[in-house]
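Here the structure is laid out as structure tokens; the discussion comes afterwards.
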Amino acid sequence: MTGSGRRGGRTLAVAMAEINIFLPDGTQRSFAEGSTATDVAASIGRGLAKAAVAAEFDGHEADLTSLLSDGSTVAIITGDSEPGRHILRHSTSHVMAQAVTQLFPGAKFSIGPAIVDGFYYDFELPDGKTFNEDDLRAVEVRMREIIKADQPFVRSEMSIDEALELFHDQPYKQEIIERVRALADAPVVSEDDPAFDDSVADDAAEVEIGGTVSVYRNSAEFVDMCRGPHVPSTARLGHFRLMKVAGAYWRGNEKGPMLQRIYGTAWDSKAALDEHLHRLEEAEKRDHRKLATELDLLSFPLELGGGLAVWHPKGATIRKLMEDYSRDRHDNGGYQFVYTPHLANGKLFETSGHLAWYKDGMYPPMEMDNGTYYMKPMNCPMHCLIFRSRQRSYRELPLRLFELGTVYRYERAGTLHGLMRIRGFTQDDSHIYCTEDQLQDEIASLLDFVLSVLRAFGFTDFTANLSTRDPKKSVGSDEIWDKATEALRVALDRHGLAYKIKHGDAAFYGPKIDIDVRDAIGRSWQLSTIQCDFNLPERFELEYVGNDNARHQPIMLHRALFGSVERFFGVLLEHFAGAFPAWLAPIQVRILPVATAHEEYAHVQAAALRSQGFRVDVVDANDQLGKRIRSAKLEKLPYVLVVGDDDVANNSFGVNPRGGDVQRGVPVDDFATQLAEEVARGSVAV
RNA sequence: GCCCAGAUAGCUCAGUCGGCAGAGCAUUUCACUCGUAAUGAAAAGGUCGAGAGUUCGAUUCUCUCUCUGGGCUCCA
């Protein structure tokens, strides 16, 4: 079966004339043809052999059988498993590099890892040439030829010096090899260690650590440094597509050279590839920018400039409902509402430190007769002024100030993205001032509050990130950092919320929790944040009088649930694919009279429903009923009510719900009662 | 900010090898009055993103800018 290209739950990985066992730690051991499980167990230990994530063998089923019959469980990697997809994607990226070097002589290549759903490879073309769409198609064609040629991937190992010689005309490969040489002598650093360096780990993933470098050759002219593993030969590949070309900095360094990155997707079967492409189409259909236009919710007029939106009536209705709900919850949650202006004298941002650290992210200054003014990039300094406006007692704490505060940030032009990254946006922002003793309880109840509000908007799947101190850049004592970090951790544990610790990822002023939510099609969005701040209370010299009649500095918490109202709106729009639940729908009910004779009844009923607080409109019988229904469906309205002779006679509606079956003759009062229940249920906090 | 690709009617798009700009949907009007996803006819709708250059002539070619999309970087 060698080279037969079996896939789909069957053997994918087969090597030439040897057995390769892939161990869970990412290393690989090779055994000569004919080795048995006894040999394997003797060499690497039975436990490790059992835990192996994959094995390559020579297409001799007898060898495999002997491995298995000996009792060692050696997993054979298949194309429809996660490690299998990883291997075939990485192998496809090698083939792409091979095709590129053939079509573009002199191309330098750097790294080409497997990523979610696919792979990429970064290139530098001679004379600063760049890829275009036609180049991509040409590369695809060449790749298919290589795949058809059924070239075996042959692994070999060499010394670092030999590798440097082999890749003498590949400067990026040489740089990686040099880094690995340095790494071989350096102590092993765990991922949890603050000194852990991602980029070194990436390099280490390319090659073996320990003085040798492994390379894979799959034809006379193409060899690439790689730790492996790979599929045994190129014929095992084939269900791929090159998706796009993009610029990418070498090692992600903005000051470094810009390479050409080609992204591709690769799967073990045509069905899996088609399914993936279909998923992309579905995600595209839910794109909030597309839906915002189709549903007439908002727009980004050219005349306004980049990253600035205007809200049309329907979008504004949804936004108002979101904001009303938020205000209501905060009102009941012990928050006090404040308002602050959109711009301020630069002295304020000098005091807060924003000008010193964040000036590039702020709109440029406005010179005025009595000073220099800036649009506010944050609400916190202003809330601190409110705290400081008079002497505070411990009896007032925790003091929770809340504002739907609109801020302006000069996001770099290339980073703008619809509502998700925008230059003027509104935070559901609160700053909580509390004592050290109150910190634990405050954070715990805050986490309750955050999750409850998110659930009310239809999200159920959450994960959290806990970002801890970066000792190289932080203010505040060890003691207070430990205490705050512990408070955040305890709150997460108490909730049983899954969380990852991001070491050293905290802002300089304090640790934080970020909440990610999964939407209806499984994408993850970072929304809420809870941040401790030991910096601003110091800078603004905030204090309260304690029960010991002495002055103390409060701890400050920043927190936002939506994060930004605009971004949250965008996420909701994609989550619901524009079909907002009844409590948020800008138009909940549309009444369609069958003919002109029923228009009066339709308008009377619409007025009656409006008086009960529902959002209702009527479309008169100028068009055919079918057309008006179609139009209402495209607008994704929760309820279409058709009224004709029967309904006028019986005081009823023909109810056509979104995603449900038509029901004729529903009594008017029954419909109103049921809709009221649905609306009330929709926004209930869980 | 950097790399690539774009910008034509409200929307989705076609087109002009440089010579008065096109469709469907939406809009308006007229006819039709219809029971659950597209009735028919007509009208109106455009400085072809902005500016400069080349040209007898530019929406089309060149350059700059603006904005958008995909990435990279960034998001204190």
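Going through the structure tokens in order, the chains are called A, B, and so on, while each chain numbers its residues from 1 and the ligands are numbered from 1 in the order shown.
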Next item on the list: Could you please select, counting only C-alpha atoms (C1' of nucleotides), the residues of chain A within 8 Å of chain B and state them as a count of residues only?
Entry: 43
Taking 6 positions as the minimum chain separation for residues in the same chain, which residues sit within 7 Å of A:Glu543 when counting only C-alpha atoms (C1' of nucleotides)? Answer as a CSV table (one decimal) with N, CA and C atoms, in the first residue's frame.
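Final output, result_37.csv:
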chain,number,residue,atom,x,y,z
A,551,ARG,N,-5.5,57.9,57.1
A,551,ARG,CA,-5.7,57.9,55.6
A,551,ARG,C,-5.1,56.7,55.0
A,552,HIS,N,-5.8,56.1,54.1
A,552,HIS,CA,-5.3,54.9,53.3
A,552,HIS,C,-5.6,55.1,51.9
A,553,GLN,N,-4.8,54.4,51.1
A,553,GLN,CA,-5.0,54.4,49.6
A,553,GLN,C,-5.9,53.3,49.2
A,554,PRO,N,-6.9,53.6,48.5
A,554,PRO,CA,-7.8,52.5,48.0
A,554,PRO,C,-7.2,51.8,46.9
Notebook entry, point to check: Which distance in Å separates atom CA of A:Pro638 and atom CA of A:Leu298, to one decimal?
Noted result: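 Distance between the two atoms: 20.0 Å.
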Practice item. Could you give me, as a list in words, each residue of stretch 444-483 of chain A that DSSP assigns to strand (DSSP E or B) when run on this structure's backbone? Key: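 In stretch 444-483 of chain A, DSSP puts these residues in strand (DSSP E or B): Phe462, Thr463, Ala464, Asn465, Leu466 and Ser467 of chain A.
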Next on the checklist: Could you tell me how far atom CA of A:Glu635 sits from atom CA of A:Ser299, in Å to one decimal place?
Outcome noted: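 Taking atom CA of A:Ser299 and atom CA of A:Glu635, their separation equals 16.8 Å.
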**Asked** Quick one: residues within 12 Å of B:U28, only C-alpha atoms (C1' of nucleotides) counted, chain neighbours fewer than 2 positions away excluded, as an MDAnalysis selection string?
**Response** chainID B and resid 26 30 42:45
A:Trp525: which residues within 7 Å, counting only C-alpha atoms (C1' of nucleotides), same-chain residues fewer than 5 positions away excluded, as a compact mmCIF listing (two decimals) with C-alpha atoms, in the first residue's frame?
# COMPACT_ATOMS: atom_id res chain seq x y z
CA ASP A 516 -13.57 35.03 26.21
CA VAL A 517 -16.96 33.92 24.91
CA ARG A 518 -17.68 31.43 22.15
Would you mind listing what lies within 10 Å of A:Phe109 as a PDB file with C-alpha atoms, in the first residue's frame, with only C-alpha atoms (C1' of nucleotides) counted and same-chain residues fewer than 6 positions away left out?
ATOM      1  CA  ALA A  97       8.192  25.915  -0.372  1.00  0.00           C
ATOM      2  CA  GLN A  98       9.529  23.432  -2.888  1.00  0.00           C
ATOM      3  CA  VAL A 100       8.041  28.322  -4.817  1.00  0.00           C
ATOM      4  CA  THR A 101      11.780  27.726  -4.956  1.00  0.00           C
ATOM      5  CA  TYR A 121       5.218  29.611   4.684  1.00  0.00           C
ATOM      6  CA  ASP A 122       7.159  32.893   4.666  1.00  0.00           C
ATOM      7  CA  PHE A 123       9.323  33.773   1.666  1.00  0.00           C
ATOM      8  CA  GLU A 124      11.580  36.532   0.494  1.00  0.00           C
ATOM      9  CA  LEU A 125      11.673  36.826  -3.286  1.00  0.00           C
ATOM     10  CA  GLN A 170      19.358  30.625   3.100  1.00  0.00           C
ATOM     11  CA  PRO A 171      19.995  33.399   5.631  1.00  0.00           C
ATOM     12  CA  TYR A 172      16.773  32.833   7.565  1.00  0.00           C
ATOM     13  CA  LYS A 173      17.537  29.140   7.997  1.00  0.00           C
ATOM     14  CA  ASP A 224      14.226  21.705   4.300  1.00  0.00           C
ATOM     15  CA  LEU A 259       8.380  38.667   4.114  1.00  0.00           C
ATOM     16  CA  GLN A 260       5.717  37.337   1.778  1.00  0.00           C
ATOM     17  CA  ARG A 261       3.484  34.867   3.567  1.00  0.00           C
TER      18      ARG A 261
END
Exercise: stretch 534-540 of chain A partners within 10 Å, only C-alpha atoms (C1' of nucleotides), chain neighbours under 3 positions left out, as number ranges by chain:
A: 348, 350-353, 380-381, 384-385, 387-388, 433, 474-477, 480-481, 484, 508-511, 531, 543, 553-557
